[in-house]
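Enquirer: Here you go, model.cif (mmCIF, C-alpha atoms):
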data_final
loop_
_atom_site.label_atom_id
_atom_site.label_comp_id
_atom_site.auth_asym_id
_atom_site.auth_seq_id
_atom_site.Cartn_x
_atom_site.Cartn_y
_atom_site.Cartn_z
CA ASP A 26 -22.34 -12.78 -28.83
CA GLU A 27 -23.80 -14.21 -32.03
CA GLU A 28 -25.12 -10.80 -33.05
CA PHE A 29 -21.76 -9.22 -32.27
CA ALA A 30 -19.88 -11.88 -34.27
CA SER A 31 -22.27 -11.37 -37.19
CA LEU A 32 -21.61 -7.62 -37.08
CA ILE A 33 -17.88 -8.22 -37.33
CA ASP A 34 -18.28 -10.74 -40.18
CA ASN A 35 -20.51 -8.40 -42.17
CA ASN A 36 -18.07 -5.53 -41.88
CA ILE A 37 -15.13 -7.72 -42.86
CA ARG A 38 -17.07 -8.76 -45.97
CA VAL A 39 -17.75 -5.12 -46.82
CA LEU A 40 -14.03 -4.41 -46.56
CA ASN A 41 -12.90 -7.45 -48.54
CA GLU A 42 -15.66 -7.89 -51.11
CA GLY A 43 -18.09 -4.99 -50.84
CA LYS A 44 -18.16 -1.28 -51.61
CA LEU A 45 -15.08 -0.56 -49.49
CA LYS A 46 -12.80 -3.19 -51.05
CA ASP A 47 -10.80 -0.57 -52.97
CA THR A 48 -10.67 1.94 -50.13
CA LYS A 49 -7.13 2.63 -48.96
CA HIS A 50 -7.95 3.58 -45.38
CA VAL A 51 -10.94 2.66 -43.21
CA THR A 52 -11.64 3.42 -39.57
CA PHE A 53 -14.05 1.07 -37.86
CA THR A 54 -15.18 1.94 -34.36
CA ILE A 55 -16.90 -0.76 -32.34
CA LEU A 56 -17.92 -0.93 -28.68
CA GLY A 57 -16.69 -4.38 -27.79
CA HIS A 58 -16.09 -4.41 -24.05
CA LEU A 59 -19.23 -6.48 -23.40
CA SER A 60 -18.34 -9.07 -26.05
CA GLU A 61 -14.58 -9.02 -25.75
CA ASN A 62 -14.45 -12.83 -25.66
CA VAL A 63 -15.53 -12.89 -29.32
CA LEU A 64 -12.72 -10.54 -30.30
CA GLU A 65 -10.22 -12.46 -28.19
CA GLU A 66 -11.05 -15.80 -29.81
CA ARG A 67 -10.51 -14.28 -33.24
CA LEU A 68 -7.20 -12.77 -32.16
CA LYS A 69 -6.06 -16.14 -30.76
CA MET A 70 -6.87 -17.77 -34.11
CA LEU A 71 -4.53 -15.23 -35.71
CA GLY A 72 -1.74 -16.12 -33.29
CA GLU A 73 -2.11 -13.35 -30.71
CA VAL A 74 -1.01 -14.37 -27.21
CA ASP A 75 -1.54 -11.12 -25.27
CA MET A 76 -5.14 -9.94 -25.01
CA ILE A 77 -3.97 -6.69 -23.33
CA HIS A 78 -7.05 -5.81 -21.25
CA ASN A 79 -6.63 -8.63 -18.72
CA THR A 80 -2.83 -8.81 -18.69
CA PRO A 81 -0.19 -6.43 -17.26
CA THR A 82 0.23 -4.97 -20.75
CA PHE A 83 -2.73 -2.59 -20.44
CA GLY A 84 -1.43 -1.15 -17.17
CA ASN A 85 2.08 -0.80 -18.59
CA ILE A 86 0.78 1.06 -21.64
CA PHE A 87 -1.45 3.32 -19.50
CA HIS A 88 1.33 4.30 -17.10
CA SER A 89 3.70 4.92 -20.00
CA PHE A 90 1.33 7.52 -21.44
CA PHE A 91 -0.25 9.04 -18.33
CA LYS A 92 1.10 10.35 -15.04
CA PRO A 93 -1.17 11.90 -12.37
CA HIS A 94 -0.75 15.57 -11.58
CA PRO A 95 1.29 15.94 -8.34
CA ASN A 96 -1.81 17.15 -6.47
CA VAL A 97 -3.76 14.10 -7.64
CA GLN A 98 -0.85 11.77 -6.83
CA LYS A 99 -0.78 13.23 -3.33
CA GLN A 100 -4.42 12.23 -2.88
CA ILE A 101 -3.75 8.74 -4.25
CA ASP A 102 -0.80 8.24 -1.89
CA SER A 103 -2.82 9.51 1.08
CA VAL A 104 -5.76 7.17 0.45
CA SER A 105 -3.47 4.23 -0.27
CA LYS A 106 -1.67 4.73 3.02
CA GLU A 107 -4.91 5.19 4.97
CA LEU A 108 -6.49 2.03 3.56
CA GLY A 109 -3.35 -0.09 3.50
CA LEU A 110 -3.33 -0.51 -0.26
CA VAL A 111 -0.08 -2.09 -1.43
CA LYS A 112 0.80 -2.30 -5.12
CA ASP A 113 -0.18 -5.65 -6.67
CA GLU A 114 -1.87 -6.74 -3.44
CA TYR A 115 -5.36 -5.32 -3.91
CA THR A 116 -7.94 -5.01 -6.64
CA VAL A 117 -10.35 -2.26 -7.67
CA VAL A 118 -14.07 -2.63 -8.34
CA HIS A 119 -15.82 0.24 -10.09
CA CYS A 120 -19.59 0.49 -10.60
CA ARG A 121 -21.11 2.90 -13.10
CA VAL A 122 -24.70 3.04 -11.84
CA ARG A 123 -25.79 6.54 -12.89
CA HIS A 124 -25.48 6.15 -16.66
CA PRO A 125 -28.85 7.11 -18.22
CA LYS A 126 -28.65 4.31 -20.80
CA ALA A 127 -28.90 1.74 -18.02
CA TYR A 128 -32.57 2.57 -17.47
CA PRO A 129 -35.66 2.83 -19.69
CA MET A 130 -36.01 6.19 -21.41
CA GLY A 131 -38.23 8.55 -19.44
CA GLU A 132 -37.98 6.59 -16.19
CA LYS A 133 -38.03 8.57 -12.95
CA PHE A 134 -36.63 7.93 -9.50
CA ARG A 135 -38.46 10.17 -7.01
CA ASP A 136 -39.22 12.77 -9.72
CA VAL A 137 -35.64 12.71 -11.05
CA PHE A 138 -35.47 11.71 -14.72
CA VAL A 139 -32.76 9.18 -15.54
CA ALA A 140 -31.63 11.51 -18.34
CA ASN A 141 -30.31 13.84 -15.62
CA ALA A 142 -28.65 11.11 -13.58
CA ASP A 143 -25.08 12.05 -14.44
CA LYS A 144 -25.68 15.71 -13.66
CA THR A 145 -27.85 15.57 -10.55
CA GLY A 146 -27.43 11.99 -9.34
CA LEU A 147 -30.27 9.68 -8.37
CA PRO A 148 -31.88 9.44 -4.91
CA PHE A 149 -30.28 6.50 -3.13
CA GLU A 150 -33.51 4.87 -2.00
CA GLY A 151 -36.25 2.54 -3.17
CA ARG A 152 -35.75 0.85 -6.53
CA PHE A 153 -32.52 2.68 -7.38
CA HIS A 154 -31.02 1.62 -4.05
CA GLU A 155 -31.89 -2.02 -4.78
CA LEU A 156 -30.53 -1.85 -8.33
CA ALA A 157 -27.29 -0.10 -7.38
CA VAL A 158 -26.55 -2.41 -4.45
CA GLY A 159 -27.28 -5.45 -6.63
CA ILE A 160 -24.86 -4.22 -9.29
CA ALA A 161 -22.18 -3.59 -6.67
CA SER A 162 -22.59 -7.07 -5.22
CA ARG A 163 -22.27 -8.73 -8.63
CA ALA A 164 -19.14 -6.70 -9.36
CA ILE A 165 -17.50 -7.68 -6.07
CA LYS A 166 -18.40 -11.35 -6.63
CA CYS A 167 -16.93 -11.20 -10.12
CA ALA A 168 -13.68 -9.68 -8.84
CA ALA A 169 -13.39 -12.23 -6.03
CA GLU A 170 -13.95 -15.17 -8.37
CA THR A 171 -11.44 -14.10 -11.01
CA LEU A 172 -8.53 -12.93 -8.86
CA GLN A 173 -5.47 -15.13 -8.77
CA TYR A 174 -4.56 -14.45 -5.12
CA ASP A 175 -6.18 -15.01 -1.72
CA VAL A 176 -8.76 -12.26 -2.03
CA GLU A 177 -10.15 -12.80 1.46
CA ASN A 178 -6.87 -11.50 2.87
CA HIS A 179 -6.41 -8.59 0.47
CA PRO A 180 -8.43 -5.37 0.12
CA ILE A 181 -10.99 -4.75 -2.60
CA TYR A 182 -11.08 -1.01 -3.23
CA PHE A 183 -14.63 -0.05 -4.14
CA MET A 184 -15.37 2.96 -6.38
CA SER A 185 -18.53 4.25 -8.05
CA ASP A 186 -20.01 7.28 -9.75
CA SER A 187 -22.50 7.24 -6.86
CA SER A 188 -20.88 8.44 -3.65
CA ASP A 189 -23.93 7.13 -1.77
CA LEU A 190 -23.20 3.63 -3.05
CA VAL A 191 -19.54 3.83 -1.99
CA SER A 192 -20.53 4.94 1.50
CA TYR A 193 -23.08 2.14 1.73
CA MET A 194 -20.83 -0.68 0.53
CA ALA A 195 -17.57 0.39 2.18
CA PHE A 196 -18.83 1.92 5.43
CA ASN A 197 -22.54 1.56 6.27
CA LEU A 198 -22.84 -2.21 5.87
CA THR A 199 -20.10 -2.86 8.44
CA ASP A 200 -21.46 -0.26 10.86
CA SER A 201 -23.59 -2.11 13.41
CA GLU A 202 -25.29 1.10 14.51
CA TYR A 203 -26.33 1.84 10.90
CA THR A 204 -27.65 -1.66 10.21
CA SER A 205 -29.51 -1.81 13.53
CA LYS A 206 -31.42 1.33 12.54
CA ASN A 207 -32.62 -0.37 9.35
CA PRO A 208 -33.37 -3.95 10.45
CA ARG A 209 -36.08 -4.66 7.87
CA TRP A 210 -33.53 -4.19 5.05
CA PHE A 211 -31.72 -7.32 6.22
CA GLN A 212 -34.60 -9.69 6.90
CA THR A 213 -35.12 -11.24 3.46
CA GLU A 214 -32.57 -13.91 2.58
CA GLY A 215 -31.15 -13.37 -0.89
CA SER A 216 -32.20 -9.71 -1.09
CA ALA A 217 -29.78 -7.11 -2.43
CA ASN A 218 -29.03 -5.73 1.03
CA VAL A 219 -28.50 -9.12 2.67
CA THR A 220 -26.25 -10.31 -0.15
CA ALA A 221 -24.19 -7.11 0.01
CA LYS A 222 -23.81 -7.39 3.78
CA GLU A 223 -22.64 -10.99 3.48
CA LEU A 224 -20.06 -10.00 0.86
CA VAL A 225 -18.53 -7.13 2.82
CA SER A 226 -18.41 -9.41 5.86
CA LYS A 227 -16.49 -12.01 3.88
CA TYR A 228 -14.18 -9.70 1.93
CA ASN A 229 -12.20 -6.65 2.97
CA VAL A 230 -14.13 -4.05 0.95
CA VAL A 231 -12.69 -0.58 1.47
CA GLY A 232 -13.38 2.83 -0.03
CA ARG A 233 -12.35 6.46 0.08
CA ASP A 234 -14.20 8.74 2.48
CA GLN A 235 -16.92 10.42 0.42
CA SER A 236 -16.75 13.87 2.01
CA ILE A 237 -15.54 14.92 -1.44
CA VAL A 238 -18.09 13.49 -3.86
CA ASN A 239 -17.22 11.85 -7.16
CA ALA A 240 -18.01 14.65 -9.61
CA HIS A 241 -18.90 13.80 -13.22
CA ILE A 242 -16.26 15.56 -15.33
CA ASP A 243 -18.59 16.20 -18.30
CA LYS A 244 -21.85 16.92 -16.48
CA ASN A 245 -20.60 18.69 -13.35
CA LYS A 246 -18.61 21.47 -14.97
CA GLY A 247 -17.49 24.79 -13.55
CA ARG A 248 -16.13 23.54 -10.25
CA PRO A 249 -12.62 24.35 -8.95
CA SER A 250 -10.00 21.88 -10.16
CA GLU A 251 -9.53 20.30 -6.73
CA ALA A 252 -13.22 19.26 -6.76
CA TYR A 253 -12.32 16.69 -9.42
CA TYR A 254 -9.29 15.15 -7.70
CA ALA A 255 -11.45 12.46 -6.13
CA THR A 256 -12.88 11.48 -9.50
#
As structure tokens - that is how I would like this structure written.
Expert:
Amino acid sequence: DEEFASLIDNNIRVLNEGKLKDTKHVTFTILGHLSENVLEERLKMLGEVDMIHNTPTFGNIFHSFFKPHPNVQKQIDSVSKELGLVKDEYTVVHCRVRHPKAYPMGEKFRDVFVANADKTGLPFEGRFHELAVGIASRAIKCAAETLQYDVENHPIYFMSDSSDLVSYMAFNLTDSEYTSKNPRWFQTEGSANVTAKELVSKYNVVGRDQSIVNAHIDKNKGRPSEAYYAT
């Protein structure tokens, strides 16, 4: 956060006192979603009372600008009905685990380079399995701790760019036949698999059936339009 705050201060100085002080129009793009608390504190000091991203404002703005295509809305309504998702009575957890930047450059998972992760996916086994499940567990914990309602009695809809991870978290971990076939995964207290199993036992984690995989819009091009409805 200190580095992020310093970046903001330096750019403000450039605008007010530096080479851009006489420039009429400046566009400054900054990726701030991981240090949003720094931006929010500065906005509060200026009198702002609505931080947008964690208030109803963001959703209201989004739905004012965007409406799903009727075919997509049909899928949304179908899944919502199947899983018992009622407006304002569930939350959504999304895990982006296939992004190449999340792993060291040149790393491989079973001969698959991380650079190709978005296009080809990563094998859901070994180290990637442990990492992905750990990320999912942290995300579910975070959602459960920050929600303002009784989360234990409301669904948490789980979504990911890895269909394997969705199947694992929303279906496999509550399937006694599946877990009994992999007993050694659940022997070590505190391991990623044990923690995940405990979480889905405590909370109502649900997910869409993954018979239609979550296709990456940029990297999985050329498919018929309905192949992207799930995404």
Enquirer: Please evaluate the PyMOL selection byres ((chain A and resi 127) around 12) against the displayed coordinates and give the resulting residues as a list in words.
Expert: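 Selection result, ordered by chain and number: Cys120, Arg121, Val122, Arg123, His124, Pro125, Lys126, Tyr128, Pro129, Met130, Gly131, Glu132, Val139, Ala140, Ala142, Asp143, Phe153, Leu156, Ala157 and Ile160 of chain A.
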Enquirer: Within 7 Å of segment 181-192 of chain A, counting all atoms listed in the file, which residues qualify if same-chain residues fewer than 2 places away don't, as an NGL selection string?
Expert: :A and (115-123 or 149 or 179 or 194-197 or 229-232 or 235 or 238-239)
Enquirer: Those selected residues, please, written with C-alpha atoms and delivered as a PDB file, in the frame of the given file.
Expert:
ATOM      1  CA  TYR A 115      -5.360  -5.320  -3.910  1.00  0.00           C
ATOM      2  CA  THR A 116      -7.940  -5.010  -6.640  1.00  0.00           C
ATOM      3  CA  VAL A 117     -10.350  -2.260  -7.670  1.00  0.00           C
ATOM      4  CA  VAL A 118     -14.070  -2.630  -8.340  1.00  0.00           C
ATOM      5  CA  HIS A 119     -15.820   0.240 -10.090  1.00  0.00           C
ATOM      6  CA  CYS A 120     -19.590   0.490 -10.600  1.00  0.00           C
ATOM      7  CA  ARG A 121     -21.110   2.900 -13.100  1.00  0.00           C
ATOM      8  CA  VAL A 122     -24.700   3.040 -11.840  1.00  0.00           C
ATOM      9  CA  ARG A 123     -25.790   6.540 -12.890  1.00  0.00           C
ATOM     10  CA  PHE A 149     -30.280   6.500  -3.130  1.00  0.00           C
ATOM     11  CA  HIS A 179      -6.410  -8.590   0.470  1.00  0.00           C
ATOM     12  CA  MET A 194     -20.830  -0.680   0.530  1.00  0.00           C
ATOM     13  CA  ALA A 195     -17.570   0.390   2.180  1.00  0.00           C
ATOM     14  CA  PHE A 196     -18.830   1.920   5.430  1.00  0.00           C
ATOM     15  CA  ASN A 197     -22.540   1.560   6.270  1.00  0.00           C
ATOM     16  CA  ASN A 229     -12.200  -6.650   2.970  1.00  0.00           C
ATOM     17  CA  VAL A 230     -14.130  -4.050   0.950  1.00  0.00           C
ATOM     18  CA  VAL A 231     -12.690  -0.580   1.470  1.00  0.00           C
ATOM     19  CA  GLY A 232     -13.380   2.830  -0.030  1.00  0.00           C
ATOM     20  CA  GLN A 235     -16.920  10.420   0.420  1.00  0.00           C
ATOM     21  CA  VAL A 238     -18.090  13.490  -3.860  1.00  0.00           C
ATOM     22  CA  ASN A 239     -17.220  11.850  -7.160  1.00  0.00           C
TER      23      ASN A 239
END
Enquirer: Using all atoms listed in the file, which of the listed residues (A:Lys244, A:Lys133, A:Lys99, A:Lys222) sits closest to Thr204 of chain A?
Expert: A:Lys222
Enquirer: Quote the spacing between atom CA of Asp175 of chain A and atom CA of Arg233 of chain A in Å to one decimal place.
Expert: 22.4 Å
Enquirer: Using all atoms listed in the file, which residues sit within 8 Å of segment 61-77 of chain A once same-chain residues fewer than 3 positions away are excluded, as a list in words?
Expert: Asp26, Phe29, Ala30, Gly57, His58, Thr80, Pro81, Thr82 and Phe83 of chain A
Enquirer: When distances are computed from only C-alpha atoms, which of A:Asn79, A:Pro180, A:Gly247, A:Leu224 shows the smallest separation from Val111 of chain A?
Expert: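 Closest candidate: A:Pro180.
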Enquirer: So what do you get for atom CA of Glu223 of chain A versus atom CA of Ser162 of chain A, distance-wise?
Expert: 9.5 Å
Enquirer: On this structure, the PyMOL selection byres ((chain A and resi 159) around 9) would catch which residues? List them as a list of chain:residue names, sorted by chain and number.
Expert: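 Selection result, ordered by chain and number: A:His154, A:Glu155, A:Leu156, A:Ala157, A:Val158, A:Ile160, A:Ala161, A:Ser162, A:Arg163, A:Ala164, A:Ser216, A:Ala217, A:Asn218, A:Thr220, A:Ala221.
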Enquirer: A:Tyr254, A:Phe90, A:Tyr228, A:Phe53: which is nearest Asn178 of chain A, counting only C-alpha atoms?
Expert: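 Of A:Tyr254, A:Phe90, A:Tyr228, A:Phe53, the one nearest Asn178 of chain A is A:Tyr228, counting only C-alpha atoms.
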Enquirer: Taking into account all atoms listed in the file, which residue in the set A:His78, A:Glu170, A:Val225, A:Pro93 is nearest to Tyr193 of chain A?
Expert: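 Using all atoms listed in the file, the shortest distance to Tyr193 of chain A belongs to A:Val225.
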Enquirer: Determine the nearest neighbour of Asp234 of chain A from the options A:Thr52, A:Ser103, A:Asn36, A:Gln98, counting only C-alpha atoms.
Expert: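 Closest residue, counting only C-alpha atoms: A:Ser103.
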Enquirer: Need the axis-aligned box for segment 39-51 of chain A with 8 Å each side, so what are the centre and edges in Å to one decimal, as lines of an AutoDock Vina configuration file?
Expert:
center_x = -12.6
center_y = -2.2
center_z = -48.1
size_x = 27.0
size_y = 27.5
size_z = 25.8
Enquirer: Can you tell me how far atom CA of Ile55 of chain A sits from atom CA of Leu32 of chain A, in Å to one decimal?
Expert: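 Separation between atom CA of Ile55 of chain A and atom CA of Leu32 of chain A: 9.6 Å.
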